[in-house]
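Asker: Following this line is target-v7.pdb, made up of PDB, C-alpha atoms:
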ATOM      1  CA  VAL Z   1     -25.094 -27.880  16.210
ATOM      2  CA  GLY Z   2     -26.853 -25.798  13.569
ATOM      3  CA  ILE Z   3     -25.880 -23.468  10.746
ATOM      4  CA  ALA Z   4     -23.465 -20.675  11.634
ATOM      5  CA  ASN Z   5     -23.375 -17.305   9.857
ATOM      6  CA  TYR Z   6     -20.247 -15.161   9.971
ATOM      7  CA  ARG Z   7     -20.298 -11.370   9.763
ATOM      8  CA  TYR Z   8     -17.392  -8.936   9.654
ATOM      9  CA  SER Z   9     -17.018  -5.174   9.987
ATOM     10  CA  GLY Z  10     -14.057  -2.856  10.232
ATOM     11  CA  GLU Z  11     -12.998   0.775  10.297
ATOM     12  CA  GLY Z  12      -9.973   2.965  10.842
ATOM     13  CA  GLY Z  13      -6.777   3.598   8.932
ATOM     14  CA  LEU Z  14      -3.180   4.748   9.082
ATOM     15  CA  LYS Z  15      -1.780   8.258   8.783
ATOM     16  CA  GLN Z  16       1.679   9.042   7.458
ATOM     17  CA  LEU Z  17       4.000  11.940   8.140
ATOM     18  CA  PHE Z  18       7.173  11.848   6.069
ATOM     19  CA  TRP Z  19      10.324  13.785   5.306
ATOM     20  CA  GLY Z  20      12.114  13.336   2.008
ATOM     21  CA  ASN Z  21      15.271  14.718   0.454
ATOM     22  CA  GLY Z  22      17.631  14.086  -2.411
ATOM     23  CA  PHE Z  23      21.418  14.270  -2.538
ATOM     24  CA  LYS Z  24      23.741  14.570  -5.508
ATOM     25  CA  ILE Z  25      26.560  12.076  -4.989
ATOM     26  CA  SER Z  26      28.315  12.743  -8.290
ATOM     27  CA  GLU Z  27      27.584  14.475 -11.572
ATOM     28  CA  ASN Z  28      25.289  11.657 -12.724
ATOM     29  CA  LEU Z  29      24.361   9.789  -9.522
ATOM     30  CA  SER Z  30      21.717  10.908  -7.003
ATOM     31  CA  LEU Z  31      20.377   9.416  -3.772
ATOM     32  CA  GLY Z  32      16.871   9.933  -2.404
ATOM     33  CA  VAL Z  33      15.644   9.238   1.143
ATOM     34  CA  ASN Z  34      12.149   9.178   2.651
ATOM     35  CA  LEU Z  35      11.670   8.778   6.405
ATOM     36  CA  SER Z  36       8.063   8.095   7.440
ATOM     37  CA  TYR Z  37       6.203   7.970  10.726
ATOM     38  CA  LEU Z  38       3.032   5.856  10.688
ATOM     39  CA  TRP Z  39       0.264   5.992  13.273
ATOM     40  CA  GLY Z  40      -3.409   5.175  13.480
ATOM     41  CA  ASN Z  41      -6.052   2.764  14.669
ATOM     42  CA  LEU Z  42      -7.588  -0.348  13.063
ATOM     43  CA  ASN Z  43     -10.845  -1.728  14.470
ATOM     44  CA  THR Z  44     -12.471  -5.035  13.528
ATOM     45  CA  ILE Z  45     -15.540  -6.910  14.769
ATOM     46  CA  ARG Z  46     -16.318 -10.559  13.982
ATOM     47  CA  TYR Z  47     -19.671 -12.191  14.670
ATOM     48  CA  MET Z  48     -20.590 -15.875  14.648
ATOM     49  CA  GLU Z  49     -24.362 -16.388  14.842
ATOM     50  CA  PHE Z  50     -26.236 -19.687  14.890
ATOM     51  CA  SER Z  51     -29.620 -20.383  13.344
ATOM     52  CA  ASP Z  52     -30.500 -22.360  16.484
ATOM     53  CA  VAL Z  53     -31.709 -19.738  18.992
ATOM     54  CA  THR Z  54     -30.802 -21.996  21.928
ATOM     55  CA  ILE Z  55     -27.105 -21.596  21.075
ATOM     56  CA  PHE Z  56     -25.287 -18.460  22.232
ATOM     57  CA  ASN Z  57     -23.589 -16.388  19.543
ATOM     58  CA  SER Z  58     -20.037 -15.001  19.734
ATOM     59  CA  LYS Z  59     -18.598 -11.562  19.120
ATOM     60  CA  ILE Z  60     -14.890 -10.688  18.911
ATOM     61  CA  SER Z  61     -13.924  -6.990  18.979
ATOM     62  CA  GLU Z  62     -10.305  -6.019  18.282
ATOM     63  CA  SER Z  63      -8.756  -2.558  18.274
ATOM     64  CA  ASN Z  64      -5.145  -2.061  17.175
ATOM     65  CA  ASN Z  65      -3.243   1.140  17.972
ATOM     66  CA  ILE Z  66      -0.227   1.440  15.669
ATOM     67  CA  ASP Z  67       2.803   3.725  15.498
ATOM     68  CA  GLY Z  68       6.337   3.408  14.152
ATOM     69  CA  LEU Z  69       9.009   4.506  11.675
ATOM     70  CA  HIS Z  70      10.182   3.167   8.328
ATOM     71  CA  TYR Z  71      12.300   4.438   5.454
ATOM     72  CA  THR Z  72      12.604   4.316   1.665
ATOM     73  CA  LEU Z  73      15.840   4.658  -0.326
ATOM     74  CA  GLY Z  74      16.273   5.393  -4.004
ATOM     75  CA  LEU Z  75      19.167   5.714  -6.450
ATOM     76  CA  GLN Z  76      19.112   7.370  -9.867
ATOM     77  CA  TYR Z  77      21.829   7.380 -12.497
ATOM     78  CA  ARG Z  78      21.893   9.546 -15.641
ATOM     79  CA  PHE Z  79      23.825   8.323 -18.661
ATOM     80  CA  LYS Z  80      25.634  10.683 -20.981
ATOM     81  CA  LEU Z  81      24.392  10.074 -24.515
ATOM     82  CA  LYS Z  82      24.410  12.143 -27.663
ATOM     83  CA  GLU Z  83      23.092  15.683 -27.613
ATOM     84  CA  ASN Z  84      19.330  15.845 -26.983
ATOM     85  CA  HIS Z  85      19.227  12.218 -25.798
ATOM     86  CA  LYS Z  86      18.824  11.489 -22.077
ATOM     87  CA  PHE Z  87      18.669   8.048 -20.457
ATOM     88  CA  MET Z  88      18.133   7.330 -16.758
ATOM     89  CA  VAL Z  89      17.831   4.232 -14.563
ATOM     90  CA  GLY Z  90      16.684   4.066 -10.968
ATOM     91  CA  ILE Z  91      16.020   1.644  -8.146
ATOM     92  CA  VAL Z  92      13.991   2.061  -4.962
ATOM     93  CA  TYR Z  93      13.913  -0.017  -1.789
ATOM     94  CA  GLU Z  94      11.623   0.144   1.228
ATOM     95  CA  ASN Z  95      12.588  -1.806   4.317
ATOM     96  CA  SER Z  96      10.460  -4.307   6.199
ATOM     97  CA  ALA Z  97       8.953  -2.105   8.882
ATOM     98  CA  TYR Z  98       8.215  -3.509  12.344
ATOM     99  CA  ILE Z  99       5.550  -1.176  13.711
ATOM    100  CA  LYS Z 100       4.585  -1.283  17.401
ATOM    101  CA  THR Z 101       0.990  -2.288  18.135
ATOM    102  CA  SER Z 102      -1.210  -2.277  21.215
ATOM    103  CA  GLU Z 103      -4.226  -4.517  20.686
ATOM    104  CA  SER Z 104      -7.370  -4.413  22.822
ATOM    105  CA  VAL Z 105      -9.551  -7.534  22.631
ATOM    106  CA  LEU Z 106     -13.080  -8.161  23.876
ATOM    107  CA  ILE Z 107     -14.695 -11.575  23.316
ATOM    108  CA  SER Z 108     -18.271 -12.107  24.458
ATOM    109  CA  ASN Z 109     -21.224 -14.452  24.048
ATOM    110  CA  TYR Z 110     -24.628 -12.929  23.473
ATOM    111  CA  LYS Z 111     -28.247 -13.504  22.584
ATOM    112  CA  GLY Z 112     -29.903 -11.659  19.742
ATOM    113  CA  SER Z 113     -29.114 -10.784  16.135
ATOM    114  CA  TYR Z 114     -26.380  -8.867  14.336
ATOM    115  CA  ALA Z 115     -28.177  -5.519  14.713
ATOM    116  CA  TYR Z 116     -29.565  -6.035  18.217
ATOM    117  CA  THR Z 117     -27.343  -7.811  20.689
ATOM    118  CA  SER Z 118     -27.498  -8.259  24.435
ATOM    119  CA  THR Z 119     -24.243  -9.388  26.029
ATOM    120  CA  PHE Z 120     -24.582 -12.610  27.959
ATOM    121  CA  ASP Z 121     -21.079 -13.328  29.128
ATOM    122  CA  THR Z 122     -17.617 -11.824  28.707
ATOM    123  CA  VAL Z 123     -15.181 -14.578  27.737
ATOM    124  CA  LEU Z 124     -11.997 -12.483  27.416
ATOM    125  CA  MET Z 125     -11.222  -8.812  27.973
ATOM    126  CA  LYS Z 126      -7.786  -7.277  27.448
ATOM    127  CA  ILE Z 127      -7.938  -3.486  27.417
ATOM    128  CA  GLY Z 128      -5.910  -0.595  28.827
ATOM    129  CA  ASP Z 129      -2.818  -1.816  30.654
ATOM    130  CA  ASP Z 130      -3.779  -5.411  29.821
ATOM    131  CA  ALA Z 131      -3.793  -4.772  26.055
ATOM    132  CA  ILE Z 132      -1.663  -7.162  24.008
ATOM    133  CA  LYS Z 133       1.672  -5.609  23.002
ATOM    134  CA  GLY Z 134       3.109  -6.722  19.695
ATOM    135  CA  LYS Z 135       4.403  -5.714  16.278
ATOM    136  CA  MET Z 136       2.972  -5.395  12.803
ATOM    137  CA  LYS Z 137       5.358  -6.313  10.003
ATOM    138  CA  ILE Z 138       4.880  -4.285   6.825
ATOM    139  CA  PRO Z 139       6.801  -6.181   4.127
ATOM    140  CA  GLN Z 140       9.654  -4.814   2.056
ATOM    141  CA  PHE Z 141       9.377  -3.810  -1.556
ATOM    142  CA  ILE Z 142      11.910  -3.218  -4.268
ATOM    143  CA  GLY Z 143      11.503  -1.614  -7.668
ATOM    144  CA  GLY Z 144      13.380  -0.375 -10.680
ATOM    145  CA  GLY Z 145      12.706   1.785 -13.698
ATOM    146  CA  ILE Z 146      14.138   3.331 -16.831
ATOM    147  CA  SER Z 147      13.336   6.450 -18.813
ATOM    148  CA  TYR Z 148      14.389   7.888 -22.126
ATOM    149  CA  ALA Z 149      13.908  11.512 -23.199
ATOM    150  CA  TYR Z 150      14.506  13.139 -26.563
ATOM    151  CA  LYS Z 151      14.991  16.901 -26.479
ATOM    152  CA  ASP Z 152      12.230  18.427 -24.366
ATOM    153  CA  LYS Z 153       9.538  16.795 -26.466
ATOM    154  CA  TYR Z 154       9.321  13.030 -25.939
ATOM    155  CA  LEU Z 155       9.577  10.999 -22.745
ATOM    156  CA  PHE Z 156       9.216   7.208 -22.391
ATOM    157  CA  THR Z 157       9.180   5.480 -18.985
ATOM    158  CA  SER Z 158       8.852   1.948 -17.639
ATOM    159  CA  ASP Z 159       9.106   0.497 -14.128
ATOM    160  CA  VAL Z 160       8.531  -2.693 -12.157
ATOM    161  CA  THR Z 161       7.876  -3.078  -8.414
ATOM    162  CA  TRP Z 162       7.758  -6.234  -6.300
ATOM    163  CA  GLN Z 163       5.998  -6.276  -2.909
ATOM    164  CA  ASN Z 164       6.528  -9.142  -0.478
ATOM    165  CA  TRP Z 165       3.008  -9.260   1.031
ATOM    166  CA  GLN Z 166       3.258 -12.941   1.999
ATOM    167  CA  ARG Z 167       5.513 -11.820   4.848
ATOM    168  CA  PHE Z 168       2.883  -9.481   6.330
ATOM    169  CA  SER Z 169       2.038 -10.237   9.951
ATOM    170  CA  SER Z 170       0.390  -8.612  12.947
ATOM    171  CA  THR Z 171      -0.268  -9.396  16.594
ATOM    172  CA  SER Z 172      -3.302 -11.581  15.904
ATOM    173  CA  LEU Z 173      -4.439 -10.535  12.434
ATOM    174  CA  LYS Z 174      -4.286 -13.276   9.838
ATOM    175  CA  ASP Z 175      -4.778 -12.524   6.153
ATOM    176  CA  THR Z 176      -4.465 -14.526   2.970
ATOM    177  CA  LEU Z 177      -2.089 -12.367   0.964
ATOM    178  CA  LYS Z 178       0.235 -13.057  -1.957
ATOM    179  CA  ASN Z 179       3.283 -11.296  -3.326
ATOM    180  CA  ASN Z 180       2.441  -8.491  -5.718
ATOM    181  CA  LEU Z 181       4.166  -7.526  -8.964
ATOM    182  CA  ILE Z 182       3.368  -4.094 -10.437
ATOM    183  CA  SER Z 183       4.501  -3.062 -13.916
ATOM    184  CA  SER Z 184       3.778   0.159 -15.780
ATOM    185  CA  LEU Z 185       4.534   1.989 -19.021
ATOM    186  CA  GLY Z 186       4.209   5.692 -19.707
ATOM    187  CA  PHE Z 187       4.617   8.180 -22.536
ATOM    188  CA  GLN Z 188       4.665  11.980 -22.636
ATOM    189  CA  ILE Z 189       4.827  14.462 -25.487
ATOM    190  CA  ILE Z 190       5.111  18.249 -25.426
ATOM    191  CA  PRO Z 191       4.684  19.722 -28.931
ATOM    192  CA  ASP Z 192       6.974  22.700 -28.273
ATOM    193  CA  ALA Z 193       8.067  23.494 -24.723
ATOM    194  CA  LYS Z 194       9.589  26.837 -25.771
ATOM    195  CA  SER Z 195       6.566  28.048 -27.714
ATOM    196  CA  SER Z 196       4.647  31.121 -26.617
ATOM    197  CA  LYS Z 197       1.348  29.399 -27.489
ATOM    198  CA  TYR Z 198      -0.377  27.569 -24.676
ATOM    199  CA  LEU Z 199      -1.519  24.506 -26.663
ATOM    200  CA  ASN Z 200       2.014  23.922 -27.913
ATOM    201  CA  LYS Z 201       3.293  23.808 -24.306
ATOM    202  CA  VAL Z 202       0.628  21.414 -23.036
ATOM    203  CA  SER Z 203       1.856  18.009 -21.795
ATOM    204  CA  TYR Z 204       0.019  15.008 -23.229
ATOM    205  CA  ARG Z 205       0.456  11.798 -21.249
ATOM    206  CA  ALA Z 206      -0.716   8.218 -21.563
ATOM    207  CA  GLY Z 207       0.079   5.185 -19.468
ATOM    208  CA  ILE Z 208      -0.956   1.746 -18.325
ATOM    209  CA  LYS Z 209      -0.338  -0.077 -15.038
ATOM    210  CA  TYR Z 210      -0.903  -3.736 -14.230
ATOM    211  CA  SER Z 211      -0.828  -5.256 -10.749
ATOM    212  CA  THR Z 212      -1.069  -9.000 -10.080
ATOM    213  CA  GLY Z 213      -2.748  -8.094  -6.774
ATOM    214  CA  TYR Z 214      -1.955  -9.077  -3.204
ATOM    215  CA  ILE Z 215      -5.491  -9.656  -1.850
ATOM    216  CA  VAL Z 216      -6.863 -13.184  -2.289
ATOM    217  CA  VAL Z 217     -10.621 -13.841  -2.163
ATOM    218  CA  LYS Z 218     -11.792 -17.466  -2.394
ATOM    219  CA  ASN Z 219      -8.349 -18.518  -3.650
ATOM    220  CA  THR Z 220      -8.524 -15.912  -6.448
ATOM    221  CA  PRO Z 221      -6.094 -12.924  -6.500
ATOM    222  CA  ILE Z 222      -7.691  -9.537  -7.190
ATOM    223  CA  PHE Z 223      -5.611  -8.062 -10.008
ATOM    224  CA  GLU Z 224      -5.716  -4.437 -11.213
ATOM    225  CA  ILE Z 225      -5.329  -2.713 -14.579
ATOM    226  CA  ASN Z 226      -5.293   1.078 -14.907
ATOM    227  CA  GLU Z 227      -5.170   3.131 -18.094
ATOM    228  CA  GLU Z 228      -4.643   6.881 -18.062
ATOM    229  CA  ASN Z 229      -4.807   9.627 -20.631
ATOM    230  CA  ILE Z 230      -3.981  13.075 -19.276
ATOM    231  CA  ARG Z 231      -3.558  16.522 -20.746
ATOM    232  CA  TYR Z 232      -2.562  19.573 -18.757
TER     233      TYR Z 232
END
Represent the structure from my file as structure tokens, please.

Answerer:
Amino acid sequence: VGIANYRYSGEGGLKQLFWGNGFKISENLSLGVNLSYLWGNLNTIRYMEFSDVTIFNSKISESNNIDGLHYTLGLQYRFKLKENHKFMVGIVYENSAYIKTSESVLISNYKGSYAYTSTFDTVLMKIGDDAIKGKMKIPQFIGGGISYAYKDKYLFTSDVTWQNWQRFSSTSLKDTLKNNLISSLGFQIIPDAKSSKYLNKVSYRAGIKYSTGYIVVKNTPIFEINEENIRY
């Protein structure tokens, strides 16, 4: 049959409009809520081209219109310790969001190359009212963290987040994804928050974040490590 070359291109993205608020349930317990509306468009094109010029190539164009709601909940509890010592724990949960999609698909055979194509035959066309209606599932995530503060000078933080990306799905989009675990540590120091001198009131921060990664390329997860040193 000949050697086939595969080419891919894509563009688009999602926008987010959200409302968030916090509520004090008791003296030490607080609840936070984020309600988000997602919308946008994701476009992909896939080409399959043969080295044998007598064989017709294929092109698949897909356009996904997306819109829907999802929410995030968080709880924070402050422990009463000795004077000048503050300790807090928190958890956050984001639901599995089922976002409505409307997918337009155009599949065609053509002669030519990747840059210069002439359509030969339309194999499948579903656009407008014939677009494929479906849902995109954005997986849930859950996280927790702790922090310890001494006076107004030292602050130590740590948190862990788990994202269930293996449960991601869309109308026809198939991806090789894995669950992601994100862990981070942070430290802040303010020499003297009540000082009248600017340098004494500056916040110095350092932190590190490690993510096991959810994108898999050639059976290898793409992990991420970030280190930050900030002064302001």

Asker: In Å, rounded to a single decimal, give me how far atom CA of Z:Leu14 is from atom CA of Z:Gly145.

Answerer: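 Spanning atom CA of Z:Gly145 to atom CA of Z:Leu14 is a straight-line distance of 27.9 Å.
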
Asker: Counting all atoms listed in the file, note down every residue that has an atom within 8 Å of the point (3.5, -6.2, -5.6) (file coordinates), as an NGL selection string.

Answerer: :Z and (141 or 161-165 or 179-182 or 211-214)

Asker: Since I can't run it myself right now, could you work out what the PyMOL selection byres ((chain Z and resi 2-8) around 12) selects here and report it as a ChimeraX atom specification?

Answerer: /Z:1,9-11,43-62,113-115

Asker: Could you list, as a list in words, every residue matched by the PyMOL selection byres ((chain Z and resi 70) around 9) in this structure?

Answerer: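 Listing what the PyMOL selection byres ((chain Z and resi 70) around 9) selects in the shown file: Asn34, Leu35, Ser36, Tyr37, Leu38, Gly68, Leu69, Tyr71, Thr72, Glu94, Asn95, Ser96, Ala97, Tyr98 and Ile99 of chain Z.
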
Asker: What is the distance between atom CA of Z:Trp39 and atom CA of Z:Asn21, in Å to one decimal?

Answerer: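 So the two atoms, atom CA of Z:Trp39 and atom CA of Z:Asn21, lie 21.6 Å apart.
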
Asker: Got a sec: who's within 8 Å of Z:Leu73, counting all atoms listed in the file, leaving out chain neighbours fewer than 6 positions off, as a short mmCIF file (atom, residue, chain, number, x, y, z; two decimals) with C-alpha atoms, in the coordinates of the input?

Answerer:
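In the end it all went to part.cif:
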data_model
loop_
_atom_site.label_atom_id
_atom_site.label_comp_id
_atom_site.auth_asym_id
_atom_site.auth_seq_id
_atom_site.Cartn_x
_atom_site.Cartn_y
_atom_site.Cartn_z
CA LEU Z 31 20.38 9.42 -3.77
CA GLY Z 32 16.87 9.93 -2.40
CA VAL Z 33 15.64 9.24 1.14
CA ASN Z 34 12.15 9.18 2.65
CA VAL Z 92 13.99 2.06 -4.96
CA TYR Z 93 13.91 -0.02 -1.79
CA GLU Z 94 11.62 0.14 1.23
#

Asker: What is the distance between atom CA of Z:Tyr150 and atom CA of Z:Asn200, in Å to one decimal?

Answerer: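 Atom CA of Z:Tyr150 sits 16.6 Å away from atom CA of Z:Asn200.
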
Asker: Counting only C-alpha atoms, find the residues whose atoms lie at most 10 Å from (-6.1, 0.0, -19.0) (file coordinates) and write them out as a PyMOL selection string.

Answerer: chain Z and resi 207-210+224-229

Asker: For Z:Leu155, which of Z:Leu177, Z:Thr220, Z:Lys86, Z:Ile127 is the closest residue, counting only C-alpha atoms?

Answerer: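 Going through Z:Leu177, Z:Thr220, Z:Lys86, Z:Ile127 one by one, the smallest distance to Z:Leu155 is for Z:Lys86.
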
Asker: Running the PyMOL selection byres ((chain Z and resi 156) around 7) on this model by hand, what would come out? Give it as a VMD selection string.

Answerer: chain Z and resid 147 to 149 154 to 155 157 186 to 188

Asker: So that all listed atoms of stretch 209-216 of chain Z fit with 5 Å spare on each side, what axis-aligned box centre and edge lengths in Å, to one decimal, would you give as JSON?

Answerer:
{"center_x": -3.6, "center_y": -6.6, "center_z": -8.4, "size_x": 16.5, "size_y": 23.1, "size_z": 23.2}

Asker: Nearest to Z:Ile91 among Z:Ser170, Z:Ser63, Z:Gln76, Z:Asn109, with distances taken over all atoms listed in the file: which residue is it?

Answerer: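 With all atoms listed in the file as the atom set, the closest residue is Z:Gln76.
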
Asker: Which one is closest to Z:Phe223: Z:Ser195, Z:Ile66, Z:Ile190, Z:Ser183? Count only C-alpha atoms.

Answerer: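 Between Z:Ser195, Z:Ile66, Z:Ile190, Z:Ser183, the residue approaching Z:Phe223 most closely is Z:Ser183.
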
Asker: Using all atoms listed in the file, which residue out of Z:Val202, Z:Leu17, Z:Val105, Z:Ile142 lies closest to Z:Gly74?

Answerer: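 Using all atoms listed in the file, the shortest distance to Z:Gly74 belongs to Z:Ile142.
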
Asker: Between Z:Gly144, Z:Lys153, Z:Asn41, Z:Lys80, which residue has the minimum interatomic distance to Z:Pro191, considering all atoms listed in the file?

Answerer: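 Result for the nearest residue to Z:Pro191: Z:Lys153.
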
Asker: Smallest atom-to-atom distance to Z:Ser30: which of Z:Val89, Z:Ile222, Z:Ala206, Z:Leu185, using all atoms listed in the file?

Answerer: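 Going through Z:Val89, Z:Ile222, Z:Ala206, Z:Leu185 one by one, the smallest distance to Z:Ser30 is for Z:Val89.
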